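The file start_37.cif contains mmCIF, C-alpha atoms and all ligand atoms:
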data_protein
#
loop_
_atom_site.label_atom_id
_atom_site.label_comp_id
_atom_site.auth_asym_id
_atom_site.auth_seq_id
_atom_site.Cartn_x
_atom_site.Cartn_y
_atom_site.Cartn_z
CA MET A 1296 47.16 12.22 -54.86
CA MET A 1297 44.03 13.83 -53.45
CA LEU A 1298 40.93 12.76 -55.38
CA SER A 1299 38.09 15.23 -55.65
CA SER A 1300 34.99 14.70 -53.52
CA SER A 1301 31.54 15.26 -55.04
CA THR A 1302 30.27 16.83 -51.84
CA LYS A 1303 33.23 19.20 -51.30
CA ASP A 1304 33.88 20.46 -54.83
CA VAL A 1305 31.91 20.30 -58.04
CA PRO A 1306 33.80 17.55 -59.87
CA HIS A 1307 34.41 17.42 -63.56
CA ALA A 1308 31.57 15.32 -65.00
CA PRO A 1309 33.00 13.45 -67.97
CA ALA A 1310 30.87 12.82 -71.06
CA ALA A 1311 31.97 9.17 -71.00
CA PRO A 1312 32.08 7.47 -67.61
CA ARG A 1313 35.59 7.09 -66.19
CA HIS A 1314 34.43 4.82 -63.40
CA ILE A 1315 31.60 2.28 -63.71
CA ALA A 1316 30.41 0.30 -60.67
CA ILE A 1317 28.18 -2.74 -61.19
CA ILE A 1318 26.01 -4.94 -58.98
CA MET A 1319 26.08 -8.13 -61.03
CA ASP A 1320 22.70 -9.54 -60.04
CA GLY A 1321 20.38 -12.17 -61.48
CA ASN A 1322 22.71 -15.15 -61.94
CA GLY A 1323 20.46 -17.44 -59.90
CA ARG A 1324 17.29 -16.48 -61.74
CA TRP A 1325 19.04 -16.77 -65.11
CA ALA A 1326 19.83 -20.41 -64.23
CA THR A 1327 16.49 -21.25 -62.63
CA ARG A 1328 14.71 -20.10 -65.78
CA ARG A 1329 16.70 -22.65 -67.71
CA PHE A 1330 16.03 -25.42 -65.16
CA LEU A 1331 19.71 -25.31 -64.24
CA PRO A 1332 21.24 -25.19 -60.76
CA ARG A 1333 21.93 -21.64 -59.50
CA VAL A 1334 25.67 -22.21 -59.70
CA ALA A 1335 25.41 -22.62 -63.47
CA GLY A 1336 24.27 -18.99 -63.46
CA HIS A 1337 27.32 -17.97 -61.46
CA ALA A 1338 29.61 -19.79 -63.90
CA LYS A 1339 27.93 -18.00 -66.80
CA GLY A 1340 28.29 -14.77 -64.82
CA VAL A 1341 32.08 -15.15 -64.83
CA GLU A 1342 31.97 -15.23 -68.65
CA ALA A 1343 29.93 -12.04 -68.65
CA VAL A 1344 32.61 -10.40 -66.50
CA ARG A 1345 35.24 -11.29 -69.09
CA GLY A 1346 33.15 -9.66 -71.84
CA ILE A 1347 32.43 -6.49 -69.89
CA VAL A 1348 36.07 -6.06 -68.88
CA GLU A 1349 37.06 -6.16 -72.56
CA ALA A 1350 34.22 -3.82 -73.52
CA CYS A 1351 35.34 -1.33 -70.86
CA ILE A 1352 38.89 -1.35 -72.22
CA GLU A 1353 37.58 -0.71 -75.75
CA ARG A 1354 35.46 2.18 -74.47
CA GLY A 1355 38.25 3.85 -72.55
CA VAL A 1356 36.74 3.29 -69.10
CA GLU A 1357 39.49 3.69 -66.48
CA TYR A 1358 37.90 2.01 -63.44
CA LEU A 1359 35.46 -0.90 -63.33
CA THR A 1360 34.20 -1.96 -59.90
CA LEU A 1361 32.26 -5.21 -59.59
CA PHE A 1362 30.22 -6.46 -56.64
CA ALA A 1363 30.98 -10.19 -56.54
CA PHE A 1364 30.10 -11.21 -52.98
CA SER A 1365 28.52 -9.12 -50.24
CA SER A 1366 29.09 -9.29 -46.50
CA GLU A 1367 25.50 -10.56 -46.34
CA ASN A 1368 25.91 -13.31 -48.97
CA TRP A 1369 27.27 -15.67 -46.25
CA ARG A 1370 23.60 -16.05 -45.35
CA ARG A 1371 23.11 -18.20 -48.47
CA PRO A 1372 23.06 -22.03 -48.36
CA ALA A 1373 26.52 -23.39 -47.53
CA ASP A 1374 26.87 -25.29 -50.81
CA GLU A 1375 26.18 -22.18 -52.89
CA VAL A 1376 28.71 -20.16 -50.85
CA SER A 1377 31.38 -22.83 -51.22
CA LEU A 1378 30.80 -23.08 -54.98
CA LEU A 1379 31.08 -19.33 -55.30
CA MET A 1380 34.43 -19.50 -53.49
CA LYS A 1381 35.61 -22.26 -55.84
CA LEU A 1382 34.58 -20.18 -58.85
CA PHE A 1383 36.51 -17.24 -57.48
CA VAL A 1384 39.65 -19.37 -57.12
CA THR A 1385 39.32 -20.82 -60.64
CA ALA A 1386 38.65 -17.43 -62.15
CA LEU A 1387 41.81 -16.02 -60.53
CA GLU A 1388 43.88 -19.01 -61.63
CA ARG A 1389 42.63 -18.77 -65.20
CA GLU A 1390 42.30 -15.05 -65.82
CA VAL A 1391 45.08 -13.18 -64.05
CA ALA A 1392 47.81 -13.82 -66.62
CA LYS A 1393 45.51 -12.64 -69.40
CA MET A 1394 44.48 -9.58 -67.44
CA HIS A 1395 48.10 -8.73 -66.82
CA ALA A 1396 48.89 -9.09 -70.52
CA ASN A 1397 46.03 -6.69 -71.27
CA GLY A 1398 47.36 -4.00 -68.94
CA ILE A 1399 44.71 -4.49 -66.26
CA ARG A 1400 45.39 -3.70 -62.63
CA LEU A 1401 43.35 -5.99 -60.37
CA LYS A 1402 42.24 -4.99 -56.88
CA VAL A 1403 40.12 -7.06 -54.52
CA VAL A 1404 38.50 -5.14 -51.69
CA GLY A 1405 36.46 -6.34 -48.73
CA ASP A 1406 36.98 -8.19 -45.47
CA LEU A 1407 39.30 -10.75 -47.06
CA GLY A 1408 40.36 -12.34 -43.75
CA ARG A 1409 37.28 -14.53 -43.84
CA PHE A 1410 38.38 -16.29 -47.04
CA ASP A 1411 40.51 -19.42 -46.91
CA ALA A 1412 44.27 -19.10 -47.03
CA LYS A 1413 44.63 -20.29 -50.63
CA LEU A 1414 42.18 -17.72 -51.94
CA GLN A 1415 43.83 -14.95 -49.92
CA GLU A 1416 47.20 -15.92 -51.36
CA LEU A 1417 45.87 -15.93 -54.94
CA ILE A 1418 44.38 -12.48 -54.38
CA ALA A 1419 47.60 -11.06 -52.95
CA GLU A 1420 49.63 -12.55 -55.79
CA ALA A 1421 47.24 -11.22 -58.47
CA GLU A 1422 47.30 -7.73 -56.97
CA ARG A 1423 51.07 -7.75 -56.70
CA LYS A 1424 51.57 -8.97 -60.24
CA THR A 1425 49.23 -6.41 -61.83
CA SER A 1426 49.95 -3.44 -59.55
CA GLY A 1427 51.94 -1.52 -62.19
CA ASN A 1428 49.27 -1.70 -64.90
CA THR A 1429 47.43 1.44 -65.92
CA ARG A 1430 45.00 0.66 -68.75
CA LEU A 1431 41.99 -0.33 -66.63
CA THR A 1432 41.66 -0.87 -62.89
CA VAL A 1433 39.25 -3.71 -62.16
CA THR A 1434 38.14 -3.82 -58.54
CA VAL A 1435 36.34 -6.91 -57.33
CA CYS A 1436 34.35 -6.31 -54.14
CA ALA A 1437 34.38 -9.57 -52.19
CA ASN A 1438 32.98 -9.99 -48.69
CA TYR A 1439 32.41 -6.29 -49.12
CA GLY A 1440 29.72 -4.10 -47.60
CA GLY A 1441 29.38 -0.33 -47.68
CA ARG A 1442 28.88 -0.21 -43.91
CA TRP A 1443 31.83 -2.52 -43.32
CA ASP A 1444 33.93 -0.16 -45.44
CA MET A 1445 32.94 2.95 -43.52
CA MET A 1446 33.47 1.28 -40.15
CA GLN A 1447 36.88 -0.15 -41.01
CA ALA A 1448 37.89 3.29 -42.29
CA VAL A 1449 36.63 5.02 -39.12
CA ASN A 1450 38.50 2.53 -36.95
CA LYS A 1451 41.75 3.04 -38.89
CA LEU A 1452 41.34 6.81 -38.79
CA ILE A 1453 40.87 6.81 -35.01
CA ALA A 1454 43.79 4.42 -34.48
CA ALA A 1455 46.06 6.67 -36.56
CA ASN A 1456 44.98 9.82 -34.68
CA PRO A 1457 44.64 8.92 -31.00
CA GLY A 1458 42.94 11.56 -28.87
CA ILE A 1459 41.74 13.61 -31.83
CA SER A 1460 38.06 14.12 -32.64
CA ASP A 1461 36.09 16.30 -35.03
CA PHE A 1462 37.25 14.64 -38.24
CA SER A 1463 36.11 15.74 -41.66
CA GLU A 1464 35.38 13.95 -44.92
CA GLU A 1465 38.91 14.51 -46.20
CA HIS A 1466 40.36 12.78 -43.15
CA LEU A 1467 38.26 9.66 -43.66
CA ALA A 1468 38.58 9.37 -47.45
CA PRO A 1469 42.12 7.88 -47.57
CA TYR A 1470 41.07 4.96 -45.35
CA LEU A 1471 38.13 3.87 -47.48
CA ALA A 1472 38.64 0.70 -49.50
CA LEU A 1473 38.41 2.51 -52.86
CA SER A 1474 40.60 5.46 -51.92
CA TYR A 1475 42.66 5.00 -55.10
CA ALA A 1476 39.68 5.52 -57.43
CA PRO A 1477 37.56 8.55 -58.29
CA GLU A 1478 33.90 8.28 -57.24
CA PRO A 1479 31.89 6.21 -59.74
CA ASP A 1480 30.23 8.17 -62.55
CA LEU A 1481 27.83 5.39 -63.44
CA PHE A 1482 26.28 2.66 -61.27
CA ILE A 1483 24.59 -0.28 -62.98
CA ARG A 1484 22.47 -2.94 -61.32
CA THR A 1485 21.33 -5.85 -63.46
CA GLY A 1486 18.59 -8.34 -62.53
CA GLY A 1487 15.70 -5.93 -62.01
CA GLU A 1488 16.02 -5.01 -58.32
CA GLN A 1489 16.24 -1.30 -57.61
CA ARG A 1490 18.32 -1.19 -54.46
CA ILE A 1491 21.91 -0.66 -53.35
CA SER A 1492 22.21 -3.84 -51.18
CA ASN A 1493 24.99 -2.30 -49.06
CA PHE A 1494 27.32 -1.67 -52.04
CA LEU A 1495 29.37 1.57 -52.19
CA LEU A 1496 27.36 3.68 -49.74
CA TRP A 1497 29.90 6.48 -49.40
CA GLN A 1498 31.12 6.67 -52.98
CA LEU A 1499 27.69 6.68 -54.68
CA ALA A 1500 26.78 10.11 -53.27
CA TYR A 1501 26.48 11.71 -56.74
CA THR A 1502 26.76 8.69 -59.02
CA GLU A 1503 24.18 8.29 -61.80
CA LEU A 1504 22.09 5.17 -61.11
CA TYR A 1505 20.99 2.80 -63.86
CA PHE A 1506 18.84 -0.28 -63.37
CA THR A 1507 18.09 -2.94 -65.96
CA GLU A 1508 15.94 -6.08 -65.97
CA THR A 1509 18.65 -7.97 -67.87
CA TYR A 1510 20.15 -10.80 -65.81
CA TRP A 1511 23.90 -10.49 -65.33
CA PRO A 1512 24.85 -13.52 -67.53
CA ASP A 1513 23.05 -11.82 -70.44
CA PHE A 1514 24.67 -8.42 -69.88
CA ASN A 1515 26.77 -7.84 -73.03
CA ASP A 1516 28.42 -5.00 -74.96
CA ALA A 1517 25.10 -3.76 -76.32
CA ALA A 1518 23.61 -3.69 -72.83
CA LEU A 1519 26.63 -1.75 -71.58
CA ASP A 1520 26.26 0.73 -74.43
CA GLU A 1521 22.62 1.28 -73.47
CA ALA A 1522 23.68 2.07 -69.92
CA ILE A 1523 26.36 4.48 -71.15
CA ALA A 1524 23.87 6.12 -73.53
CA SER A 1525 21.52 6.68 -70.60
CA TYR A 1526 24.41 8.16 -68.61
CA ARG A 1527 25.22 10.57 -71.42
CA GLN A 1528 21.66 11.94 -71.34
CA ARG A 1529 21.81 12.85 -67.68
CA GLU A 1530 22.54 16.33 -66.43
CA ARG A 1531 24.88 16.05 -63.45
CA ARG A 1532 24.12 19.07 -61.30
CA PHE A 1533 25.88 18.27 -58.01
CA GLY A 1534 23.44 20.47 -56.14
CA ARG A 1535 23.45 23.40 -58.57
CA THR A 1536 20.66 24.56 -60.85
CA SER A 1537 20.36 23.50 -64.45
CA ALA A 1538 21.06 27.10 -65.58
CA GLN A 1539 24.34 27.11 -63.66
CA VAL A 1540 25.41 23.86 -65.27
CA THR A 1541 24.71 25.24 -68.75
CA GLU A 1542 26.60 28.45 -67.92
CA ARG A 1543 29.68 26.54 -66.81
CA LYS A 1544 29.62 24.34 -69.92
CA LYS A 1545 29.54 27.44 -72.16
CA ALA A 1546 32.43 28.99 -70.24
CA SER A 1547 34.67 25.94 -70.57
C1 LIG B 1 24.35 -12.30 -58.13
O1 LIG B 1 23.37 -13.17 -58.57
C2 LIG B 1 25.62 -13.02 -57.74
C3 LIG B 1 25.89 -13.05 -56.30
C4 LIG B 1 25.19 -12.44 -55.37
C5 LIG B 1 27.04 -13.81 -55.90
P1 LIG B 1 22.35 -13.83 -57.57
O2 LIG B 1 22.92 -15.13 -57.10
O3 LIG B 1 21.96 -12.90 -56.48
O4 LIG B 1 21.13 -14.12 -58.51
P2 LIG B 1 19.59 -13.96 -58.15
O5 LIG B 1 19.38 -12.56 -57.65
O6 LIG B 1 19.27 -14.97 -57.09
O7 LIG B 1 18.88 -14.22 -59.43
C1 LIG B 2 23.97 -8.05 -54.25
O1 LIG B 2 23.10 -9.02 -54.75
C2 LIG B 2 25.32 -8.62 -54.08
C3 LIG B 2 26.01 -9.06 -55.30
C4 LIG B 2 25.61 -8.98 -56.53
C5 LIG B 2 27.32 -9.60 -55.07
P1 LIG B 2 22.11 -9.85 -53.84
O2 LIG B 2 21.35 -10.73 -54.72
O3 LIG B 2 22.86 -10.48 -52.72
O4 LIG B 2 21.18 -8.69 -53.22
P2 LIG B 2 19.76 -8.76 -52.53
O5 LIG B 2 19.85 -9.79 -51.44
O6 LIG B 2 18.78 -9.18 -53.57
O7 LIG B 2 19.50 -7.38 -52.04
MG MG B 3 20.48 -11.52 -56.28
#

Can the structure from this file be put into structure tokens for me?
Amino acid sequence: MMLSSSTKDVPHAPAAPRHIAIIMDGNGRWATRRFLPRVAGHAKGVEAVRGIVEACIERGVEYLTLFAFSSENWRRPADEVSLLMKLFVTALEREVAKMHANGIRLKVVGDLGRFDAKLQELIAEAERKTSGNTRLTVTVCANYGGRWDMMQAVNKLIAANPGISDFSEEHLAPYLALSYAPEPDLFIRTGGEQRISNFLLWQLAYTELYFTETYWPDFNDAALDEAIASYRQRERRFGRTSAQVTERKKAS
């Protein structure tokens, strides 16, 4: 299936977001504020994920993409990195059966080769088990970076087409890590920073951006509804004028 590209065609802009992408930030500060170790914030962050996944199902969201660990997060202290890896393993061990029962398809994208063998196996098994589910696709971006994604896609494209140059967007798209999903409608970053931090650089071309001060462990259903309400107020023009958008809405 060829998914529409926001730069090539004017996509259908749904009233409710089909695809939400989230930078789950602020776990460390949430914990520090409570005089707890940073990892306590990460543990609480896993609970918030559970809540938001359920909320997305209830709201009919089809794709939820979560930034869990960036290519740059290896720069953190070794003990924090290793605890994050342990949390990832435990979360997979505990949650996958439930996710499967709820009709969730799980995908993990990123440079997974850097993870230890056990974690890689758990990921492969979880993806295999849930691959036929269609209610909600949850993508966890782990050791992911937007630039990594574009470069791995470029390299695959060139390897598959030796001697050819002058590629277009449509040629590259199938090699990108999220090729199975439409471009995100709504991007949310919790924790107060207003930056992309090397998340989905390609796919966010026309995504509506929403930033909130709320730390990720506190991000609940009500917070999600506020983000969706903000999304609903936006006029998605994709390069056209406001008058053109109104015209097209009347016609449809
Ligand atoms: C986000 O929370 C989780 C990861 C990056 C793994 P942080 O750990 O970045 O929390 P802050 O930004 O330091 O508060
Ligand atoms: C982005 O958060 C990555 C994740 C949430 C996984 P960071 O906390 O690593 O981002 P910066 O360093 O503040 O930009
Ligand atoms: Mg952070």

Test item: residues at most 12 Å from His1395 (chain A), only C-alpha atoms, excluding those fewer than 5 positions along its chain, as a list of chain:residue names: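 Skipping anything fewer than 5 positions along the chain leaves A:Leu1387, A:Arg1389, A:Glu1390, A:Arg1400, A:Leu1401, A:Glu1420, A:Ala1421, A:Glu1422, A:Arg1423, A:Lys1424, A:Thr1425, A:Ser1426, A:Gly1427, A:Asn1428, A:Thr1429, A:Arg1430, A:Leu1431, A:Thr1432, A:Val1433.
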
Keeping only C-alpha atoms, write those residues as a short mmCIF file (atom, residue, chain, number, x, y, z; two decimals), keeping the file's coordinate frame.
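Done, and the output landed in part-v1.cif:
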data_model
loop_
_atom_site.label_atom_id
_atom_site.label_comp_id
_atom_site.auth_asym_id
_atom_site.auth_seq_id
_atom_site.Cartn_x
_atom_site.Cartn_y
_atom_site.Cartn_z
CA LEU A 1387 41.81 -16.02 -60.53
CA ARG A 1389 42.63 -18.77 -65.20
CA GLU A 1390 42.30 -15.05 -65.82
CA ARG A 1400 45.39 -3.70 -62.63
CA LEU A 1401 43.35 -5.99 -60.37
CA GLU A 1420 49.63 -12.55 -55.79
CA ALA A 1421 47.24 -11.22 -58.47
CA GLU A 1422 47.30 -7.73 -56.97
CA ARG A 1423 51.07 -7.75 -56.70
CA LYS A 1424 51.57 -8.97 -60.24
CA THR A 1425 49.23 -6.41 -61.83
CA SER A 1426 49.95 -3.44 -59.55
CA GLY A 1427 51.94 -1.52 -62.19
CA ASN A 1428 49.27 -1.70 -64.90
CA THR A 1429 47.43 1.44 -65.92
CA ARG A 1430 45.00 0.66 -68.75
CA LEU A 1431 41.99 -0.33 -66.63
CA THR A 1432 41.66 -0.87 -62.89
CA VAL A 1433 39.25 -3.71 -62.16
#

For CA of Trp1511 (chain A) and CA of Thr1434 (chain A), determine how far apart the two atoms are, in Å to one decimal place. 17.1 Å

Just give me the gap between CA of Thr1507 (chain A) and CA of Thr1485 (chain A) in Å, one decimal is fine.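 Rounded to one decimal, the two atoms are 5.0 Å apart.
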
Environment of ligand LIG 2 (chain B) within 6 Å, counting only C-alpha atoms and all ligand atoms, reported as a list in words: Ile1318, Met1319, Asp1320, Phe1362, Ala1363, Phe1364, Ser1365, Asn1368 and Ser1492 of chain A

When the cut-off is 8 Å and you count all atoms listed in the file, which residues lie near ligand MG 3 (chain B), shown as a list in words?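 Based on all atoms listed in the file, ligand MG 3 (chain B) is surrounded within 8 Å by Asp1320, Gly1321, Asn1322, Gly1323 and Gly1486 of chain A.
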
Which of these, A:Arg1535, A:Lys1381, A:Arg1313, A:Arg1371, has the shortest distance to Val1356 (chain A) once you count all atoms listed in the file? A:Arg1313

Contact residues around Thr1502 (chain A) with all atoms listed in the file at 12 Å, ignoring same-chain residues under 5 positions, as a list in words: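 Near Thr1502 (chain A), the qualifying residues are Ser1300, Ser1301, Thr1302, Pro1306, Ala1308, Pro1309, Pro1312, Arg1313, His1314, Ile1315, Ala1316, Ile1317, Pro1477, Glu1478, Pro1479, Asp1480, Leu1481, Phe1482, Ile1483, Ile1491, Leu1495, Leu1496, Trp1497, Tyr1526, Arg1529, Glu1530, Arg1531, Arg1532 and Phe1533 of chain A.
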
Preceding selection exported with C-alpha atoms as a JSON list (two decimals), in the coordinates of the input:
[["chain", "number", "residue", "atom", "x", "y", "z"],
["A", 1300, "SER", "CA", 34.99, 14.70, -53.52],
["A", 1301, "SER", "CA", 31.54, 15.26, -55.04],
["A", 1302, "THR", "CA", 30.27, 16.83, -51.84],
["A", 1306, "PRO", "CA", 33.80, 17.55, -59.87],
["A", 1308, "ALA", "CA", 31.57, 15.32, -65.00],
["A", 1309, "PRO", "CA", 33.00, 13.45, -67.97],
["A", 1312, "PRO", "CA", 32.08, 7.47, -67.61],
["A", 1313, "ARG", "CA", 35.59, 7.09, -66.19],
["A", 1314, "HIS", "CA", 34.43, 4.82, -63.40],
["A", 1315, "ILE", "CA", 31.60, 2.28, -63.71],
["A", 1316, "ALA", "CA", 30.41, 0.30, -60.67],
["A", 1317, "ILE", "CA", 28.18, -2.74, -61.19],
["A", 1477, "PRO", "CA", 37.56, 8.55, -58.29],
["A", 1478, "GLU", "CA", 33.90, 8.28, -57.24],
["A", 1479, "PRO", "CA", 31.89, 6.21, -59.74],
["A", 1480, "ASP", "CA", 30.23, 8.17, -62.55],
["A", 1481, "LEU", "CA", 27.83, 5.39, -63.44],
["A", 1482, "PHE", "CA", 26.28, 2.66, -61.27],
["A", 1483, "ILE", "CA", 24.59, -0.28, -62.98],
["A", 1491, "ILE", "CA", 21.91, -0.66, -53.35],
["A", 1495, "LEU", "CA", 29.37, 1.57, -52.19],
["A", 1496, "LEU", "CA", 27.36, 3.68, -49.74],
["A", 1497, "TRP", "CA", 29.90, 6.48, -49.40],
["A", 1526, "TYR", "CA", 24.41, 8.16, -68.61],
["A", 1529, "ARG", "CA", 21.81, 12.85, -67.68],
["A", 1530, "GLU", "CA", 22.54, 16.33, -66.43],
["A", 1531, "ARG", "CA", 24.88, 16.05, -63.45],
["A", 1532, "ARG", "CA", 24.12, 19.07, -61.30],
["A", 1533, "PHE", "CA", 25.88, 18.27, -58.01]]

Which residue gives the smallest distance to Leu1407 (chain A) among A:Leu1361, A:Ala1472, A:Ile1347, A:Val1449, with all atoms listed in the file counted?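 Looking only at the distances to Leu1407 (chain A), the closest residue turns out to be A:Ala1472.
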
Which polymer residues have any atom within 12 Å of an atom of Ala1517 (chain A), counting all atoms listed in the file, with same-chain residues fewer than 5 positions away left out, as a ChimeraX atom specification? /A:1346-1347,1350-1351,1509,1522-1524

CA of Glu1367 (chain A) and CA of Ala1468 (chain A), how far apart in Å? 23.9 Å

Starting from 4 Å padding per side, set up an axis-aligned box that covers all listed atoms of ligand LIG 1 (chain B) and hand over centre and edge lengths in Å, one decimal, as JSON.
{"center_x": 23.0, "center_y": -13.7, "center_z": -57.4, "size_x": 16.2, "size_y": 10.8, "size_z": 12.1}

Ranking A:Glu1416, A:Asp1513, A:Glu1375, A:Asp1461 by minimum distance to ligand LIG 1 (chain B) and counting all atoms listed in the file, which one comes first? A:Glu1375

Exercise: residues within 6 Å of coordinate (37.2, 16.0, -50.5), counting only C-alpha atoms, as a PyMOL selection string: chain A and resi 1299-1300+1303+1465

Please list, as an MDAnalysis selection string, the residues that have an atom at most 12 Å away from (37.1, 7.5, -45.0) in the coordinates of this file, counting all atoms listed in the file. chainID A and resid 1300 1441:1453 1462:1475 1496:1498

Using all atoms listed in the file, pick whichever of A:Asp1374, A:Asp1411, A:Glu1503, A:Glu1488 has the shortest atom-to-atom distance to ligand LIG 1 (chain B).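 Closest to ligand LIG 1 (chain B) of all the choices is A:Glu1488.
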
Would you kindly return, as a PyMOL selection string, each protein, DNA or RNA residue with an atom no farther than 9 Å from any atom of Val1384 (chain A), considering all atoms listed in the file and excluding same-chain residues fewer than 5 positions away? chain A and resi 1379+1389+1413-1414+1417-1418
